[in-house]
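See below for the structure under consideration.
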Protein chains: 2
Amino acid sequence: MNRRTFLGSMLAVPAFAQPSAPRVNGARLRERIEALSIFGRPDGGTFADGVSRVAYSDADVAGRAYVMKLIEGLGLKPRVDAAGNIFALRPGTNGTLPPVLFGSHIDSVPNGGNFDGDLGSLGAIEVLQTMNEAHIATRRGVELVVWQNEEGYAFNNGLAGSRAAAGHLEAGELDAVWNGMKKSDAIRKIGGNPERIAEAKRGPGTFACYLELHIEQGGTLERAGIPIGVVEGIVAIDRYDVEVRGFANHAGTTPMAERRDALVAASMLTIAVNDTVRAEPGKQVGTVGQLNVIPNVPNIVPGTVRMVVELRDLDAKKIAAIGERLQARAREIAAKTGTEIVMRPAAHHDAALANPQVQSSIEAACAGLGLKSQRLPSGAGHDAQMMALLGPMGMIFVPSVRGISHSPLEFTRWEDCARGADVLMATVLDWAMR
Amino acid sequence: MNRRTFLGSMLAVPAFAQPSAPRVNGARLRERIEALSIFGRPDGGTFADGVSRVAYSDADVAGRAYVMKLIEGLGLKPRVDAAGNIFALRPGTNGTLPPVLFGSHIDSVPNGGNFDGDLGSLGAIEVLQTMNEAHIATRRGVELVVWQNEEGYAFNNGLAGSRAAAGHLEAGELDAVWNGMKKSDAIRKIGGNPERIAEAKRGPGTFACYLELHIEQGGTLERAGIPIGVVEGIVAIDRYDVEVRGFANHAGTTPMAERRDALVAASMLTIAVNDTVRAEPGKQVGTVGQLNVIPNVPNIVPGTVRMVVELRDLDAKKIAAIGERLQARAREIAAKTGTEIVMRPAAHHDAALANPQVQSSIEAACAGLGLKSQRLPSGAGHDAQMMALLGPMGMIFVPSVRGISHSPLEFTRWEDCARGADVLMATVLDWAMR
């Protein structure tokens, strides 16, 4: 090619350096996060009272309509796929290249906060609007996505939209019933088409990379005073259903030495989880979050306890080893307390590692914006982990005040929200120009 | 007086030696325990499926009618007092002396057994019938009682009939509502008269002694191979409502070092209860029977745990001291786990000691029948503890197979039931002749 042609192609596909990436409109982003918070807000409450926008609820449908109106305002046509995910493609100059995909979700847990998912979804819209306003043409298309039912409160099965896109729906999942609603009908309610849900599947290579801006949901960044977290990956999770079988008997008439107290054994195991997880260095966590006593009355020695042990780390082998140590501890505790302890592996989620080039790109974006950043694992699951199955994935974290999430107290400083969206903007552009 | 007059008075009031006390009809006692078990039996079940004869239920009313028919068969007229307790007095030769009072209850917990209360009630009827058949005249009257609502499943407030008799009803108790039923209406349903409930009160000295035959509900007698337990008293009970306040947060994103896990703290306290109670010799018991985790989902670090600690011993000072030690342990655990633990005394029941002369009389009855006996505390509450407020009290325990009670598996060997009724017979006669 001659120089003119080369320059012409350069103009059509400008080599975008991060420092020149436009900044988002932080005030507008805040307004929209506040506007979205209306849908699912407790009666008579304020923004600070949080939100209950459970997937497939009327509030969810209303929130999705609000988001789609914003997308139309960008001059784009929202597309609802067969699974009910919302997409919007801003075409690039080269229509043959896979786009940069980015977004998050807007469903919430009951009594949740206004940042989890919302920031990444509305931040993605803000990136597109900023591109429009700066008249930026990208080489690749940039594609926004708002995944449906990330939280999984509905049907107790989250990442529903991203799993459909990754082809990871479970057998019979559409027949599941929750609150009297069949999942296929729930998907119809949000505009999906359960009969054609296979069409929601995206193949590997259908995006250049997947990016997601999200609140940290932990307190690491805030404590370190660092505004941007570069996610190393989403941790592996091992979940065990534990049943402790003792013998229920009268709490007044059963001598201590004769007891087979399931709660005493369960308490020992709960402490063993805590101690074993803390016994070695690293960021692994272990939790007994659910524990039910049967029959659970003050004057009966507990006969049965059912509890859930959950272990998380980026290194799946590490938590598998901790799980084995806990199985051994459970046997010791059972022998000591005269109980039987059955600790059954109930779920395993693989770790989803972020792509090293995407991480470098996010770090470069931070450097260009003069923002400190820190690498850290995501202890929470995200739709990004499903996208990691299909292509390069990266996530941008911003600080959660006091590390609080899934609570009306969930908060991220507005300035941090805007900085996170700036980093998303620059990273999207970096990849969109490749 | 001359010898003849003396002999004459001896004939009217024979000096009844235990060996000559007639033996009860064990087969008939068994038949009646089986017959009573029909009222409240699960549909299509057998005797072994236990009974749900909760106080004031239709099954309770039917069971009471059955008992009153048996009383009429003795040639006695059952009297239902204003509280709904059933009494039947077999007069003595000296109408001015307070009678020997004995009996138990026939209400059950839901899904309970066929011996708790039933044995003592039907055993008392068997004693009266055996007296009739042996044409025994007693100096004092002998008075049977079947107390209403001992278990307290209804209205969560037991010993209802015996408390009315002891003048220990609580303020406003008759206005309590349970399952849509007002307590005053419940008492009307079983033939009581709530407007005149004060008339159910018995003064001190209105009985010579109170005796109750009951299953042990623990495994001490069975393990020792001893057929009769002589109750030393009914234990004191201290109950504490405990609230452990941590901080609920995401189980994936909250590093171990940052957690204030209410369940870890509650587990430490549960083990502290167990260890502290076992740390010293004696028969004291301590139980965490009820524990509720909030929010109780696998992926949230528990924010709050509410639990009930219960301590029992014949020596109220001993459990008070254990309670103080646990308060200190709770403070240590709170400091160690970054939680707050509030341990509030919620209930105190005084111990009710059995009368030494009544205990000796029961032991003499056993000796006369060639039965081994053993003194032991009652870890469970009984109507007898209310009667101990009014006069000398004693209880006769028979072995519970495997120590199981409040369960369809509750069982006492039929031979042991008969032996217990024999001991009741001899003890009643001993006191009735005094």
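How things are named: the first chain in the structure tokens is A, the next is B, and so on; residues count from 1 in each chain; ligands count from 1 in the order shown.
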
Review point. Following superposition of chain B onto chain A on all C-alpha atoms, paired in order, what is the C-alpha RMSD to one decimal in Å?
Key: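 For chain A versus chain B, the C-alpha RMSD is 0.4 Å.
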
Practice item. With a distance threshold of 8 Å and counting only C-alpha atoms, extract the residues of chain B near chain A and express them as a ChimeraX atom specification. Key: /B:216-219,249-256,263-264,266-268,270-271,274,278,283-293,296-302,308-310,312,378-380,403-406

Check your understanding: Within 8 Å of Gly26 (chain A), counting only C-alpha atoms, which residues qualify if same-chain residues fewer than 6 places away don't, as a ChimeraX atom specification?
Key -> /A:414-415,417-418

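Between CA of Ser184 (chain B) and CA of Ala55 (chain B) there is a distance of 13.0 Å.
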
Exercise for review: From a DSSP pass on the backbone, collect the residues of region 97-327 of chain B flagged as strand (DSSP E or B) and hand them back as a ChimeraX atom specification.
Suggested key: /B:100-105,112,142-147,177-178,181-182,209-215,228-234,236-245,249-250,285-294,300-301,304-313

Review point. If you run DSSP on this backbone, which residues of region 272-413 of chain B come out as alpha helix (DSSP H), and could you give them as an MDAnalysis selection string?
Key: chainID B and resid 272:278 316:337 356:369 384:387

I need the residues from that last selection saved to file as a tab-separated table (two decimals), in the first residue's frame (with C-alpha atoms), if you can.
chain	number	residue	atom	x	y	z
B	272	ALA	CA	-17.75	-23.39	76.50
B	273	VAL	CA	-21.19	-24.38	77.87
B	274	ASN	CA	-20.39	-28.04	77.35
B	275	ASP	CA	-16.88	-27.81	78.81
B	276	THR	CA	-17.77	-25.61	81.79
B	277	VAL	CA	-20.68	-27.84	82.84
B	278	ARG	CA	-18.53	-30.98	82.56
B	316	ALA	CA	-29.44	-23.53	92.29
B	317	LYS	CA	-26.22	-21.93	93.55
B	318	LYS	CA	-24.14	-24.33	91.52
B	319	ILE	CA	-25.80	-23.39	88.22
B	320	ALA	CA	-25.75	-19.71	89.15
B	321	ALA	CA	-21.96	-20.01	89.55
B	322	ILE	CA	-21.68	-21.83	86.21
B	323	GLY	CA	-23.76	-19.05	84.66
B	324	GLU	CA	-21.30	-16.47	85.97
B	325	ARG	CA	-18.37	-18.44	84.56
B	326	LEU	CA	-20.12	-18.55	81.19
B	327	GLN	CA	-20.71	-14.79	81.27
B	328	ALA	CA	-16.95	-14.38	81.73
B	329	ARG	CA	-16.23	-16.83	78.91
B	330	ALA	CA	-18.67	-14.94	76.68
B	331	ARG	CA	-16.74	-11.73	77.29
B	332	GLU	CA	-13.47	-13.43	76.35
B	333	ILE	CA	-15.00	-14.94	73.20
B	334	ALA	CA	-16.51	-11.60	72.18
B	335	ALA	CA	-13.14	-9.88	72.56
B	336	LYS	CA	-11.38	-12.61	70.60
B	337	THR	CA	-13.88	-12.66	67.72
B	356	PRO	CA	-37.12	-36.77	103.13
B	357	GLN	CA	-39.90	-38.74	104.89
B	358	VAL	CA	-41.66	-39.35	101.58
B	359	GLN	CA	-38.37	-40.55	100.08
B	360	SER	CA	-37.86	-42.92	103.01
B	361	SER	CA	-41.41	-44.17	102.64
B	362	ILE	CA	-40.85	-44.91	98.92
B	363	GLU	CA	-37.60	-46.72	99.78
B	364	ALA	CA	-39.38	-48.76	102.45
B	365	ALA	CA	-42.06	-49.67	99.91
B	366	CYS	CA	-39.36	-50.86	97.51
B	367	ALA	CA	-37.70	-52.89	100.26
B	368	GLY	CA	-41.03	-54.47	101.11
B	369	LEU	CA	-41.51	-55.44	97.47
B	384	ALA	CA	-44.94	-32.33	91.58
B	385	GLN	CA	-42.75	-29.22	91.79
B	386	MET	CA	-45.84	-27.06	92.20
B	387	MET	CA	-47.24	-29.38	94.87

Find the residues around Leu429 (chain A) up to 12 Å (only C-alpha atoms counted), leave out those fewer than 5 positions away in its own chain, and share them as a PDB file with N, CA and C atoms, in the first residue's frame.
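After the write, out.pdb holds the following:
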ATOM      1  N   VAL A  13      -8.756   3.957  11.696  1.00  0.00           N
ATOM      2  CA  VAL A  13      -8.477   3.158  12.889  1.00  0.00           C
ATOM      3  C   VAL A  13      -7.364   3.864  13.660  1.00  0.00           C
ATOM      4  N   PRO A  14      -7.684   4.948  14.358  1.00  0.00           N
ATOM      5  CA  PRO A  14      -6.635   5.707  15.015  1.00  0.00           C
ATOM      6  C   PRO A  14      -5.966   4.884  16.114  1.00  0.00           C
ATOM      7  N   ALA A  15      -4.647   5.001  16.216  1.00  0.00           N
ATOM      8  CA  ALA A  15      -3.915   4.309  17.282  1.00  0.00           C
ATOM      9  C   ALA A  15      -4.158   5.073  18.576  1.00  0.00           C
ATOM     10  N   PHE A  16      -5.165   4.606  19.325  1.00  0.00           N
ATOM     11  CA  PHE A  16      -5.626   5.336  20.488  1.00  0.00           C
ATOM     12  C   PHE A  16      -4.719   5.103  21.689  1.00  0.00           C
ATOM     13  N   ALA A  17      -4.030   6.153  22.131  1.00  0.00           N
ATOM     14  CA  ALA A  17      -3.213   6.026  23.352  1.00  0.00           C
ATOM     15  C   ALA A  17      -4.102   6.302  24.558  1.00  0.00           C
ATOM     16  N   GLN A  18      -3.937   5.507  25.641  1.00  0.00           N
ATOM     17  CA  GLN A  18      -4.814   5.658  26.808  1.00  0.00           C
ATOM     18  C   GLN A  18      -4.910   7.100  27.319  1.00  0.00           C
ATOM     19  N   PRO A  19      -3.808   7.842  27.421  1.00  0.00           N
ATOM     20  CA  PRO A  19      -3.906   9.181  28.003  1.00  0.00           C
ATOM     21  C   PRO A  19      -4.939  10.048  27.296  1.00  0.00           C
ATOM     22  N   SER A  20      -5.175   9.781  26.015  1.00  0.00           N
ATOM     23  CA  SER A  20      -6.097  10.628  25.276  1.00  0.00           C
ATOM     24  C   SER A  20      -7.537  10.108  25.335  1.00  0.00           C
ATOM     25  N   ALA A  21      -7.773   8.976  26.053  1.00  0.00           N
ATOM     26  CA  ALA A  21      -9.143   8.477  26.176  1.00  0.00           C
ATOM     27  C   ALA A  21      -9.991   9.524  26.896  1.00  0.00           C
ATOM     28  N   PRO A  22     -11.201   9.786  26.384  1.00  0.00           N
ATOM     29  CA  PRO A  22     -12.023  10.790  27.056  1.00  0.00           C
ATOM     30  C   PRO A  22     -12.449  10.298  28.441  1.00  0.00           C
ATOM     31  N   ARG A  23     -12.753  11.242  29.301  1.00  0.00           N
ATOM     32  CA  ARG A  23     -13.236  10.900  30.643  1.00  0.00           C
ATOM     33  C   ARG A  23     -14.753  10.827  30.616  1.00  0.00           C
ATOM     34  N   GLY A  92     -17.921  -1.228  14.856  1.00  0.00           N
ATOM     35  CA  GLY A  92     -16.601  -0.681  14.600  1.00  0.00           C
ATOM     36  C   GLY A  92     -16.428  -0.456  13.102  1.00  0.00           C
ATOM     37  N   PRO A  99     -16.179  -8.083  18.476  1.00  0.00           N
ATOM     38  CA  PRO A  99     -16.211  -6.852  19.254  1.00  0.00           C
ATOM     39  C   PRO A  99     -15.586  -7.024  20.649  1.00  0.00           C
ATOM     40  N   VAL A 100     -15.407  -5.911  21.315  1.00  0.00           N
ATOM     41  CA  VAL A 100     -15.084  -5.918  22.750  1.00  0.00           C
ATOM     42  C   VAL A 100     -16.417  -5.963  23.501  1.00  0.00           C
ATOM     43  N   LEU A 101     -16.562  -6.964  24.339  1.00  0.00           N
ATOM     44  CA  LEU A 101     -17.831  -7.137  25.066  1.00  0.00           C
ATOM     45  C   LEU A 101     -17.633  -6.646  26.501  1.00  0.00           C
ATOM     46  N   PHE A 102     -18.585  -5.900  27.038  1.00  0.00           N
ATOM     47  CA  PHE A 102     -18.443  -5.417  28.422  1.00  0.00           C
ATOM     48  C   PHE A 102     -19.808  -5.088  29.014  1.00  0.00           C
ATOM     49  N   VAL A 127     -19.765   4.640  29.163  1.00  0.00           N
ATOM     50  CA  VAL A 127     -18.620   4.526  28.236  1.00  0.00           C
ATOM     51  C   VAL A 127     -19.102   4.731  26.792  1.00  0.00           C
ATOM     52  N   LEU A 128     -20.205   4.080  26.439  1.00  0.00           N
ATOM     53  CA  LEU A 128     -20.719   4.217  25.066  1.00  0.00           C
ATOM     54  C   LEU A 128     -21.136   5.664  24.784  1.00  0.00           C
ATOM     55  N   THR A 130     -20.070   8.371  26.225  1.00  0.00           N
ATOM     56  CA  THR A 130     -18.870   9.216  26.149  1.00  0.00           C
ATOM     57  C   THR A 130     -18.191   9.061  24.780  1.00  0.00           C
ATOM     58  N   MET A 131     -18.148   7.821  24.297  1.00  0.00           N
ATOM     59  CA  MET A 131     -17.596   7.582  22.949  1.00  0.00           C
ATOM     60  C   MET A 131     -18.388   8.354  21.899  1.00  0.00           C
ATOM     61  N   ILE A 136     -15.902   9.094  18.724  1.00  0.00           N
ATOM     62  CA  ILE A 136     -14.823   8.114  18.577  1.00  0.00           C
ATOM     63  C   ILE A 136     -15.294   6.965  17.701  1.00  0.00           C
ATOM     64  N   ALA A 137     -14.517   6.692  16.695  1.00  0.00           N
ATOM     65  CA  ALA A 137     -14.761   5.494  15.887  1.00  0.00           C
ATOM     66  C   ALA A 137     -13.752   4.447  16.317  1.00  0.00           C
ATOM     67  N   THR A 138     -14.215   3.233  16.522  1.00  0.00           N
ATOM     68  CA  THR A 138     -13.306   2.163  16.939  1.00  0.00           C
ATOM     69  C   THR A 138     -13.147   1.170  15.806  1.00  0.00           C
ATOM     70  N   ARG A 139     -12.015   0.467  15.844  1.00  0.00           N
ATOM     71  CA  ARG A 139     -11.760  -0.528  14.798  1.00  0.00           C
ATOM     72  C   ARG A 139     -12.737  -1.702  14.982  1.00  0.00           C
ATOM     73  N   ARG A 140     -12.725  -2.242  16.180  1.00  0.00           N
ATOM     74  CA  ARG A 140     -13.691  -3.309  16.505  1.00  0.00           C
ATOM     75  C   ARG A 140     -14.991  -2.678  16.992  1.00  0.00           C
ATOM     76  N   GLY A 141     -16.046  -3.420  16.887  1.00  0.00           N
ATOM     77  CA  GLY A 141     -17.267  -2.989  17.536  1.00  0.00           C
ATOM     78  C   GLY A 141     -17.106  -3.036  19.060  1.00  0.00           C
ATOM     79  N   VAL A 142     -17.909  -2.254  19.759  1.00  0.00           N
ATOM     80  CA  VAL A 142     -17.948  -2.350  21.227  1.00  0.00           C
ATOM     81  C   VAL A 142     -19.372  -2.745  21.590  1.00  0.00           C
ATOM     82  N   GLU A 143     -19.482  -3.786  22.401  1.00  0.00           N
ATOM     83  CA  GLU A 143     -20.804  -4.371  22.633  1.00  0.00           C
ATOM     84  C   GLU A 143     -21.111  -4.402  24.132  1.00  0.00           C
ATOM     85  N   ALA A 208     -13.475 -10.044  21.414  1.00  0.00           N
ATOM     86  CA  ALA A 208     -12.022  -9.857  21.536  1.00  0.00           C
ATOM     87  C   ALA A 208     -11.598 -10.035  22.990  1.00  0.00           C
ATOM     88  N   CYS A 209     -12.378  -9.447  23.862  1.00  0.00           N
ATOM     89  CA  CYS A 209     -12.202  -9.700  25.286  1.00  0.00           C
ATOM     90  C   CYS A 209     -13.495  -9.293  25.984  1.00  0.00           C
ATOM     91  N   LEU A 211     -14.948  -7.455  29.432  1.00  0.00           N
ATOM     92  CA  LEU A 211     -14.546  -6.577  30.541  1.00  0.00           C
ATOM     93  C   LEU A 211     -15.744  -6.315  31.447  1.00  0.00           C
ATOM     94  N   SER A 361      -3.493  -4.397  30.331  1.00  0.00           N
ATOM     95  CA  SER A 361      -4.191  -3.297  29.670  1.00  0.00           C
ATOM     96  C   SER A 361      -4.905  -2.422  30.711  1.00  0.00           C
ATOM     97  N   ILE A 362      -5.525  -3.060  31.705  1.00  0.00           N
ATOM     98  CA  ILE A 362      -6.214  -2.298  32.767  1.00  0.00           C
ATOM     99  C   ILE A 362      -5.177  -1.503  33.568  1.00  0.00           C
ATOM    100  N   ALA A 364      -2.325  -0.428  32.511  1.00  0.00           N
ATOM    101  CA  ALA A 364      -1.849   0.674  31.665  1.00  0.00           C
ATOM    102  C   ALA A 364      -2.864   1.809  31.666  1.00  0.00           C
ATOM    103  N   ALA A 365      -4.149   1.439  31.646  1.00  0.00           N
ATOM    104  CA  ALA A 365      -5.199   2.461  31.682  1.00  0.00           C
ATOM    105  C   ALA A 365      -5.110   3.259  32.983  1.00  0.00           C
ATOM    106  N   ASP A 422     -13.884   5.423  34.034  1.00  0.00           N
ATOM    107  CA  ASP A 422     -12.778   5.949  33.206  1.00  0.00           C
ATOM    108  C   ASP A 422     -11.819   4.822  32.809  1.00  0.00           C
ATOM    109  N   VAL A 423     -11.487   3.972  33.770  1.00  0.00           N
ATOM    110  CA  VAL A 423     -10.569   2.861  33.485  1.00  0.00           C
ATOM    111  C   VAL A 423     -11.219   1.895  32.494  1.00  0.00           C
ATOM    112  N   LEU A 424     -12.522   1.648  32.681  1.00  0.00           N
ATOM    113  CA  LEU A 424     -13.232   0.793  31.724  1.00  0.00           C
ATOM    114  C   LEU A 424     -13.166   1.402  30.324  1.00  0.00           C
ATOM    115  N   ARG A 434      -7.344  -2.613  18.711  1.00  0.00           N
ATOM    116  CA  ARG A 434      -6.372  -3.654  18.354  1.00  0.00           C
ATOM    117  C   ARG A 434      -6.776  -4.363  17.068  1.00  0.00           C
TER     118      ARG A 434
END
